[in-house]
Amino acid sequence: MKRMLLFVVLAALGTGVARGVAVAQSAQPKPYKVVFDLTSADPMDQRAVLRWIKEVTSVNPKTETEVVMYARGLDLVVSGKSTMASEVAEAIKASHATFSVCAIAMKNQQVDKSQLLPDVQIVPDGIGEIVARQGAGWGYIKVGH
Amino acid sequence: MKRMLLFVVLAALGTGVARGVAVAQSAQPKPYKVVFDLTSADPMDQRAVLRWIKEVTSVNPKTETEVVMYARGLDLVVSGKSTMASEVAEAIKASHATFSVCAIAMKNQQVDKSQLLPDVQIVPDGIGEIVARQGAGWGYIKVGH
Amino acid sequence: MKRMLLFVVLAALGTGVARGVAVAQSAQPKPYKVVFDLTSADPMDQRAVLRWIKEVTSVNPKTETEVVMYARGLDLVVSGKSTMASEVAEAIKASHATFSVCAIAMKNQQVDKSQLLPDVQIVPDGIGEIVARQGAGWGYIKVGH
């Protein structure tokens, strides 16, 4: 029983312990999870996040990526406004990236669900989505330059 | 004793476990804590963070928000420079937001305590304040566009 | 045995528990670890991160800092392009800061290892480096304004 208990404890702590060791060895995890915070309508920022998704998932196909868009970030996935619709479709298809738009921002900017590019998801609160991901251990990258 | 020990272990691990489950269900926590990193004097960024505070606390009045200002972010809360003094007062009053100014940045920019808007707090090191919040499980959002 | 087990559990949980207490007391940790995300070629951002490193390590010499550069952030440490080579050398020498360049970005921009300033390190994936640091409990600051 005592051994089993110790096993339970170590297993419960396992993720953190294992990660600590990996970091000590190389500071480079193998597959990872990362959420990108996009509030910019700048084409340079939009291109950057699409390139990063491609690059990090080509190194590690199991790396999970999510782009959360609010404020001026919405344009990337609004049909008619986006200049990178095919790159977004490619990121979803080839890299299994998730694109999440903030419902509050959609309402503020009068963007309807029907205007979104295919397979883009709506989240009730973009900032809440990012905070939840951070709380679940995802890495966080603010897109900007 | 063994059962009690197991209980202690599971209780100690509880927060993380419970959060993991909540995230798996919806990726949207109910009330949360988030620190905003403001180093921009751009009115668009200043307006954005004030709007976000209003929006996230109107969805969840128990959501806690803090804006940490350093570098060019100070202008938002310096009397005479700020163009959004009433919005800052409203965020403090209605949304219970905390506004924290970096003492190092104040010294660099020769801003005196007496020049700050009412109820703005001073922290010794703005970056240290943000890192402490992240370490305590707060979400982090860089304000920018 | 039971006491020893309890000790193991508490020791394993110790870092988090201790940090929680410290945060409750002042929200300002003494020495800390922070990774700066630099994707900007703007001299204002480059100067800012070098100043912050100096400031936070002068308050706490044991504070650890790392600047991860990718996208347009590389210029800071490319010989001939950098306008702040002596400040980078000073940050490494006096503040023990680490400067890490993304190998993918180097390849994209055809920057060779021989072009980097002295003591700048190369990491295979800049975003992966940042995510690993975050996962190991480092604070994260996006450099921007």
# chains A, B, ... in the order shown; residues from 1 in each chain; ligands from 1
call {"tool": "residues_around", "arguments": {"residues": "range 38-40 of chain C", "least_positions_apart": "4", "cutoff": "8 Å", "atoms": "only C-alpha atoms", "output": "list in words"}}
result
Gly144 and His145 of chain A; Asp45, Gln46, Val67, Val68, Met69, Tyr70, Ala71, Arg72, Gly73, Leu74, Lys142, Val143 and Gly144 of chain C
call {"tool": "write_last_selection", "arguments": {"atoms": "all heavy atoms", "output": "mmCIF file, in the first residue's frame"}}
result
data_model
loop_
_atom_site.group_PDB
_atom_site.id
_atom_site.type_symbol
_atom_site.label_atom_id
_atom_site.label_comp_id
_atom_site.auth_asym_id
_atom_site.auth_seq_id
_atom_site.Cartn_x
_atom_site.Cartn_y
_atom_site.Cartn_z
ATOM 1 N N GLY A 144 3.416 40.140 -32.466
ATOM 2 C CA GLY A 144 3.694 41.577 -32.633
ATOM 3 C C GLY A 144 5.115 41.747 -33.112
ATOM 4 O O GLY A 144 5.872 40.792 -33.152
ATOM 5 N N HIS A 145 5.454 42.952 -33.480
ATOM 6 C CA HIS A 145 6.814 43.194 -33.938
ATOM 7 C C HIS A 145 7.216 44.636 -33.646
ATOM 8 O O HIS A 145 6.356 45.453 -33.322
ATOM 9 C CB HIS A 145 6.954 42.908 -35.435
ATOM 10 C CG HIS A 145 6.258 43.936 -36.286
ATOM 11 N ND1 HIS A 145 4.919 43.850 -36.602
ATOM 12 C CD2 HIS A 145 6.692 45.089 -36.838
ATOM 13 C CE1 HIS A 145 4.567 44.893 -37.339
ATOM 14 N NE2 HIS A 145 5.617 45.676 -37.491
ATOM 15 N N ASP C 45 12.587 49.237 -28.930
ATOM 16 C CA ASP C 45 12.356 47.957 -28.236
ATOM 17 C C ASP C 45 13.679 47.312 -27.823
ATOM 18 O O ASP C 45 13.783 46.719 -26.747
ATOM 19 C CB ASP C 45 11.573 47.000 -29.148
ATOM 20 C CG ASP C 45 10.136 47.461 -29.358
ATOM 21 O OD1 ASP C 45 9.569 48.075 -28.440
ATOM 22 O OD2 ASP C 45 9.591 47.215 -30.444
ATOM 23 N N GLN C 46 14.679 47.404 -28.693
ATOM 24 C CA GLN C 46 15.986 46.815 -28.388
ATOM 25 C C GLN C 46 16.614 47.515 -27.183
ATOM 26 O O GLN C 46 17.128 46.864 -26.274
ATOM 27 C CB GLN C 46 16.902 46.932 -29.610
ATOM 28 C CG GLN C 46 16.384 46.126 -30.804
ATOM 29 C CD GLN C 46 17.348 46.142 -31.984
ATOM 30 O OE1 GLN C 46 18.289 46.939 -32.021
ATOM 31 N NE2 GLN C 46 17.122 45.264 -32.937
ATOM 32 N N VAL C 67 16.944 36.580 -23.346
ATOM 33 C CA VAL C 67 16.260 37.223 -24.463
ATOM 34 C C VAL C 67 16.218 36.219 -25.605
ATOM 35 O O VAL C 67 17.272 35.753 -26.054
ATOM 36 C CB VAL C 67 17.001 38.498 -24.938
ATOM 37 C CG1 VAL C 67 16.210 39.182 -26.055
ATOM 38 C CG2 VAL C 67 17.254 39.449 -23.775
ATOM 39 N N VAL C 68 15.005 35.860 -26.033
ATOM 40 C CA VAL C 68 14.875 34.941 -27.170
ATOM 41 C C VAL C 68 14.489 35.773 -28.394
ATOM 42 O O VAL C 68 13.506 36.519 -28.372
ATOM 43 C CB VAL C 68 13.838 33.835 -26.891
ATOM 44 C CG1 VAL C 68 13.660 32.952 -28.124
ATOM 45 C CG2 VAL C 68 14.253 33.005 -25.683
ATOM 46 N N MET C 69 15.292 35.658 -29.432
ATOM 47 C CA MET C 69 15.085 36.455 -30.644
ATOM 48 C C MET C 69 14.709 35.568 -31.831
ATOM 49 O O MET C 69 15.385 34.573 -32.105
ATOM 50 C CB MET C 69 16.374 37.221 -30.972
ATOM 51 C CG MET C 69 16.655 38.338 -29.970
ATOM 52 S SD MET C 69 18.443 38.668 -29.825
ATOM 53 C CE MET C 69 18.981 37.211 -28.920
ATOM 54 N N TYR C 70 13.658 35.976 -32.524
ATOM 55 C CA TYR C 70 13.272 35.317 -33.769
ATOM 56 C C TYR C 70 12.579 36.388 -34.618
ATOM 57 O O TYR C 70 12.475 37.541 -34.193
ATOM 58 C CB TYR C 70 12.392 34.076 -33.508
ATOM 59 C CG TYR C 70 11.139 34.299 -32.709
ATOM 60 C CD1 TYR C 70 9.879 34.243 -33.310
ATOM 61 C CD2 TYR C 70 11.186 34.550 -31.341
ATOM 62 C CE1 TYR C 70 8.714 34.430 -32.574
ATOM 63 C CE2 TYR C 70 10.029 34.747 -30.607
ATOM 64 C CZ TYR C 70 8.800 34.686 -31.220
ATOM 65 O OH TYR C 70 7.660 34.892 -30.485
ATOM 66 N N ALA C 71 12.159 36.028 -35.802
ATOM 67 C CA ALA C 71 11.578 37.005 -36.738
ATOM 68 C C ALA C 71 12.505 38.212 -36.854
ATOM 69 O O ALA C 71 13.713 38.042 -37.006
ATOM 70 C CB ALA C 71 10.157 37.393 -36.321
ATOM 71 N N ARG C 72 11.984 39.426 -36.720
ATOM 72 C CA ARG C 72 12.819 40.619 -36.921
ATOM 73 C C ARG C 72 13.686 40.954 -35.700
ATOM 74 O O ARG C 72 14.415 41.947 -35.705
ATOM 75 C CB ARG C 72 11.934 41.805 -37.293
ATOM 76 C CG ARG C 72 11.110 41.499 -38.569
ATOM 77 C CD ARG C 72 10.469 42.732 -39.120
ATOM 78 N NE ARG C 72 11.428 43.656 -39.677
ATOM 79 C CZ ARG C 72 11.235 44.972 -39.783
ATOM 80 N NH1 ARG C 72 10.114 45.498 -39.350
ATOM 81 N NH2 ARG C 72 12.162 45.753 -40.294
ATOM 82 N N GLY C 73 13.595 40.123 -34.661
ATOM 83 C CA GLY C 73 14.372 40.394 -33.452
ATOM 84 C C GLY C 73 15.856 40.087 -33.577
ATOM 85 O O GLY C 73 16.669 40.526 -32.760
ATOM 86 N N LEU C 74 16.218 39.332 -34.642
ATOM 87 C CA LEU C 74 17.611 38.875 -34.785
ATOM 88 C C LEU C 74 18.641 40.003 -34.876
ATOM 89 O O LEU C 74 19.774 39.855 -34.410
ATOM 90 C CB LEU C 74 17.755 37.986 -36.035
ATOM 91 C CG LEU C 74 17.659 36.475 -35.802
ATOM 92 C CD1 LEU C 74 16.276 36.106 -35.264
ATOM 93 C CD2 LEU C 74 17.953 35.704 -37.076
ATOM 94 N N LYS C 142 6.649 40.022 -23.312
ATOM 95 C CA LYS C 142 6.788 40.345 -24.728
ATOM 96 C C LYS C 142 7.323 41.762 -24.835
ATOM 97 O O LYS C 142 6.735 42.697 -24.254
ATOM 98 C CB LYS C 142 5.429 40.272 -25.433
ATOM 99 C CG LYS C 142 5.453 40.702 -26.896
ATOM 100 C CD LYS C 142 6.121 39.654 -27.776
ATOM 101 C CE LYS C 142 6.150 40.027 -29.236
ATOM 102 N NZ LYS C 142 6.524 38.864 -30.081
ATOM 103 N N VAL C 143 8.418 41.935 -25.550
ATOM 104 C CA VAL C 143 8.976 43.270 -25.726
ATOM 105 C C VAL C 143 8.209 43.973 -26.850
ATOM 106 O O VAL C 143 8.067 43.423 -27.948
ATOM 107 C CB VAL C 143 10.486 43.202 -26.061
ATOM 108 C CG1 VAL C 143 11.064 44.613 -26.135
ATOM 109 C CG2 VAL C 143 11.226 42.362 -25.029
ATOM 110 N N GLY C 144 7.702 45.153 -26.562
ATOM 111 C CA GLY C 144 6.943 45.901 -27.563
ATOM 112 C C GLY C 144 6.480 47.198 -26.940
ATOM 113 O O GLY C 144 6.650 47.403 -25.755
#
call {"tool": "residues_around", "arguments": {"residues": "Leu50 in chain C", "least_positions_apart": "5", "cutoff": "9 Å", "atoms": "only C-alpha atoms", "output": "list in words"}}
result
Asp45, Glu55, Glu87, Val88 and Ala91 of chain C
call {"tool": "interface_residues", "arguments": {"of": "chain A", "to": "chain B", "cutoff": "8 Å", "atoms": "only C-alpha atoms", "output": "number ranges by chain"}}
result
A: 2, 5, 9, 12, 38-41, 71-72, 104, 124-125, 127-136, 142, 144
call {"tool": "write_last_selection", "arguments": {"atoms": "N, CA and C atoms", "output": "PDB file, in the first residue's frame"}}
result
ATOM      1  N   LYS A   2       1.907   1.211   0.846  1.00  0.00           N
ATOM      2  CA  LYS A   2       2.755   2.410   0.897  1.00  0.00           C
ATOM      3  C   LYS A   2       3.433   2.653  -0.457  1.00  0.00           C
ATOM      4  N   LEU A   5       1.021   4.006  -2.862  1.00  0.00           N
ATOM      5  CA  LEU A   5       0.752   5.412  -2.593  1.00  0.00           C
ATOM      6  C   LEU A   5       1.865   6.293  -3.164  1.00  0.00           C
ATOM      7  N   VAL A   9       1.583   9.239  -5.942  1.00  0.00           N
ATOM      8  CA  VAL A   9       2.132  10.578  -5.755  1.00  0.00           C
ATOM      9  C   VAL A   9       3.068  10.948  -6.905  1.00  0.00           C
ATOM     10  N   ALA A  12       1.247  11.437 -10.120  1.00  0.00           N
ATOM     11  CA  ALA A  12       0.507  12.705 -10.135  1.00  0.00           C
ATOM     12  C   ALA A  12       1.450  13.873 -10.392  1.00  0.00           C
ATOM     13  N   LEU A  38      -3.465  37.221 -30.998  1.00  0.00           N
ATOM     14  CA  LEU A  38      -3.414  38.103 -32.174  1.00  0.00           C
ATOM     15  C   LEU A  38      -4.447  39.224 -32.058  1.00  0.00           C
ATOM     16  N   THR A  39      -3.973  40.454 -31.871  1.00  0.00           N
ATOM     17  CA  THR A  39      -4.863  41.627 -31.808  1.00  0.00           C
ATOM     18  C   THR A  39      -4.482  42.629 -32.894  1.00  0.00           C
ATOM     19  N   SER A  40      -3.663  42.204 -33.817  1.00  0.00           N
ATOM     20  CA  SER A  40      -3.148  43.092 -34.850  1.00  0.00           C
ATOM     21  C   SER A  40      -3.739  42.781 -36.217  1.00  0.00           C
ATOM     22  N   ALA A  41      -4.017  43.865 -36.971  1.00  0.00           N
ATOM     23  CA  ALA A  41      -4.495  43.693 -38.339  1.00  0.00           C
ATOM     24  C   ALA A  41      -3.343  43.852 -39.330  1.00  0.00           C
ATOM     25  N   ALA A  71     -10.058  42.113 -30.732  1.00  0.00           N
ATOM     26  CA  ALA A  71      -9.699  43.474 -31.157  1.00  0.00           C
ATOM     27  C   ALA A  71      -9.452  43.467 -32.676  1.00  0.00           C
ATOM     28  N   ARG A  72      -8.348  44.027 -33.133  1.00  0.00           N
ATOM     29  CA  ARG A  72      -8.146  44.144 -34.575  1.00  0.00           C
ATOM     30  C   ARG A  72      -7.631  42.846 -35.212  1.00  0.00           C
ATOM     31  N   ILE A 104     -17.219  38.483 -28.084  1.00  0.00           N
ATOM     32  CA  ILE A 104     -17.433  39.884 -27.676  1.00  0.00           C
ATOM     33  C   ILE A 104     -16.925  40.822 -28.774  1.00  0.00           C
ATOM     34  N   PRO A 124     -16.484  32.397 -26.258  1.00  0.00           N
ATOM     35  CA  PRO A 124     -17.257  33.494 -25.652  1.00  0.00           C
ATOM     36  C   PRO A 124     -16.405  34.705 -25.290  1.00  0.00           C
ATOM     37  N   ASP A 125     -15.155  34.468 -24.877  1.00  0.00           N
ATOM     38  CA  ASP A 125     -14.300  35.549 -24.358  1.00  0.00           C
ATOM     39  C   ASP A 125     -12.854  35.214 -24.739  1.00  0.00           C
ATOM     40  N   ILE A 127      -9.959  36.721 -24.231  1.00  0.00           N
ATOM     41  CA  ILE A 127      -8.968  36.826 -23.151  1.00  0.00           C
ATOM     42  C   ILE A 127      -9.143  35.651 -22.185  1.00  0.00           C
ATOM     43  N   GLY A 128     -10.387  35.305 -21.895  1.00  0.00           N
ATOM     44  CA  GLY A 128     -10.651  34.150 -21.026  1.00  0.00           C
ATOM     45  C   GLY A 128     -10.116  32.855 -21.630  1.00  0.00           C
ATOM     46  N   GLU A 129     -10.235  32.726 -22.943  1.00  0.00           N
ATOM     47  CA  GLU A 129      -9.704  31.547 -23.638  1.00  0.00           C
ATOM     48  C   GLU A 129      -8.187  31.457 -23.451  1.00  0.00           C
ATOM     49  N   ILE A 130      -7.500  32.576 -23.625  1.00  0.00           N
ATOM     50  CA  ILE A 130      -6.036  32.602 -23.480  1.00  0.00           C
ATOM     51  C   ILE A 130      -5.643  32.281 -22.036  1.00  0.00           C
ATOM     52  N   VAL A 131      -6.340  32.898 -21.086  1.00  0.00           N
ATOM     53  CA  VAL A 131      -6.024  32.664 -19.673  1.00  0.00           C
ATOM     54  C   VAL A 131      -6.256  31.197 -19.300  1.00  0.00           C
ATOM     55  N   ALA A 132      -7.314  30.609 -19.848  1.00  0.00           N
ATOM     56  CA  ALA A 132      -7.586  29.187 -19.578  1.00  0.00           C
ATOM     57  C   ALA A 132      -6.473  28.305 -20.138  1.00  0.00           C
ATOM     58  N   ARG A 133      -6.006  28.629 -21.320  1.00  0.00           N
ATOM     59  CA  ARG A 133      -4.908  27.851 -21.921  1.00  0.00           C
ATOM     60  C   ARG A 133      -3.647  27.986 -21.072  1.00  0.00           C
ATOM     61  N   GLN A 134      -3.323  29.198 -20.661  1.00  0.00           N
ATOM     62  CA  GLN A 134      -2.141  29.414 -19.823  1.00  0.00           C
ATOM     63  C   GLN A 134      -2.283  28.599 -18.541  1.00  0.00           C
ATOM     64  N   GLY A 135      -3.484  28.608 -17.958  1.00  0.00           N
ATOM     65  CA  GLY A 135      -3.715  27.879 -16.705  1.00  0.00           C
ATOM     66  C   GLY A 135      -3.578  26.380 -16.883  1.00  0.00           C
ATOM     67  N   ALA A 136      -3.811  25.913 -18.119  1.00  0.00           N
ATOM     68  CA  ALA A 136      -3.698  24.481 -18.402  1.00  0.00           C
ATOM     69  C   ALA A 136      -2.288  24.107 -18.868  1.00  0.00           C
ATOM     70  N   LYS A 142       2.626  36.454 -27.608  1.00  0.00           N
ATOM     71  CA  LYS A 142       1.904  37.601 -28.164  1.00  0.00           C
ATOM     72  C   LYS A 142       2.475  37.859 -29.552  1.00  0.00           C
ATOM     73  N   GLY A 144       3.416  40.140 -32.466  1.00  0.00           N
ATOM     74  CA  GLY A 144       3.694  41.577 -32.633  1.00  0.00           C
ATOM     75  C   GLY A 144       5.115  41.747 -33.112  1.00  0.00           C
TER      76      GLY A 144
END
call {"tool": "atom_distance", "arguments": {"atom1": "CA of Lys62 in chain C", "atom2": "CA of Val123 in chain C"}}
result
23.2 Å
call {"tool": "select_by_dssp", "arguments": {"residues": "chain A", "states": "strand (DSSP E)", "output": "ChimeraX atom specification"}}
result
/A:33-38,64-69,98-102,121-123,139-142
call {"tool": "write_last_selection", "arguments": {"atoms": "N, CA and C atoms", "output": "tab-separated table (two decimals), in the first residue's frame"}}
result
chain	number	residue	atom	x	y	z
A	33	LYS	N	2.42	22.76	-26.57
A	33	LYS	CA	1.14	23.42	-26.86
A	33	LYS	C	1.36	24.91	-26.70
A	34	VAL	N	0.90	25.68	-27.65
A	34	VAL	CA	1.13	27.13	-27.58
A	34	VAL	C	-0.07	27.88	-28.14
A	35	VAL	N	-0.46	28.93	-27.41
A	35	VAL	CA	-1.55	29.78	-27.85
A	35	VAL	C	-0.97	31.13	-28.30
A	36	PHE	N	-1.38	31.56	-29.49
A	36	PHE	CA	-0.94	32.83	-30.04
A	36	PHE	C	-2.03	33.87	-29.84
A	37	ASP	N	-1.64	35.02	-29.32
A	37	ASP	CA	-2.56	36.13	-29.03
A	37	ASP	C	-2.43	37.14	-30.17
A	38	LEU	N	-3.47	37.22	-31.00
A	38	LEU	CA	-3.41	38.10	-32.17
A	38	LEU	C	-4.45	39.22	-32.06
A	64	GLU	N	0.73	21.38	-30.64
A	64	GLU	CA	-0.61	21.93	-30.81
A	64	GLU	C	-0.59	23.45	-30.79
A	65	THR	N	-1.27	24.06	-31.74
A	65	THR	CA	-1.28	25.52	-31.83
A	65	THR	C	-2.72	26.04	-31.89
A	66	GLU	N	-2.92	27.20	-31.25
A	66	GLU	CA	-4.22	27.86	-31.32
A	66	GLU	C	-3.96	29.35	-31.47
A	67	VAL	N	-4.69	29.98	-32.37
A	67	VAL	CA	-4.60	31.43	-32.53
A	67	VAL	C	-5.90	32.01	-31.99
A	68	VAL	N	-5.79	32.86	-30.97
A	68	VAL	CA	-6.98	33.53	-30.43
A	68	VAL	C	-6.99	34.96	-30.93
A	69	MET	N	-8.08	35.32	-31.59
A	69	MET	CA	-8.19	36.65	-32.20
A	69	MET	C	-9.26	37.49	-31.53
A	98	THR	N	-5.86	25.51	-34.49
A	98	THR	CA	-7.21	25.97	-34.14
A	98	THR	C	-7.23	27.50	-34.22
A	99	PHE	N	-8.26	28.04	-34.86
A	99	PHE	CA	-8.44	29.50	-34.93
A	99	PHE	C	-9.70	29.85	-34.17
A	100	SER	N	-9.52	30.67	-33.12
A	100	SER	CA	-10.63	30.99	-32.22
A	100	SER	C	-10.89	32.49	-32.20
A	101	VAL	N	-12.12	32.86	-32.50
A	101	VAL	CA	-12.49	34.28	-32.51
A	101	VAL	C	-13.33	34.60	-31.28
A	102	CYS	N	-13.07	35.75	-30.69
A	102	CYS	CA	-13.78	36.22	-29.50
A	102	CYS	C	-15.18	36.71	-29.87
A	121	GLN	N	-13.44	28.67	-35.09
A	121	GLN	CA	-14.38	28.52	-33.98
A	121	GLN	C	-14.59	29.83	-33.23
A	122	ILE	N	-15.73	29.94	-32.57
A	122	ILE	CA	-16.04	31.13	-31.76
A	122	ILE	C	-15.91	30.77	-30.29
A	123	VAL	N	-15.22	31.62	-29.53
A	123	VAL	CA	-15.14	31.42	-28.07
A	123	VAL	C	-15.83	32.61	-27.41
A	139	GLY	N	1.94	27.23	-23.52
A	139	GLY	CA	2.80	28.40	-23.68
A	139	GLY	C	1.99	29.52	-24.30
A	140	TYR	N	2.49	30.75	-24.14
A	140	TYR	CA	1.79	31.94	-24.64
A	140	TYR	C	2.76	32.80	-25.43
A	141	ILE	N	2.34	33.18	-26.62
A	141	ILE	CA	3.13	34.08	-27.46
A	141	ILE	C	2.24	35.22	-27.93
A	142	LYS	N	2.63	36.45	-27.61
A	142	LYS	CA	1.90	37.60	-28.16
A	142	LYS	C	2.48	37.86	-29.55
call {"tool": "select_by_dssp", "arguments": {"residues": "chain A", "states": "helix (DSSP H, G or I)", "output": "ChimeraX atom specification"}}
result
/A:2-26,43-59,71-77,85-95,103-108,113-115,126-135
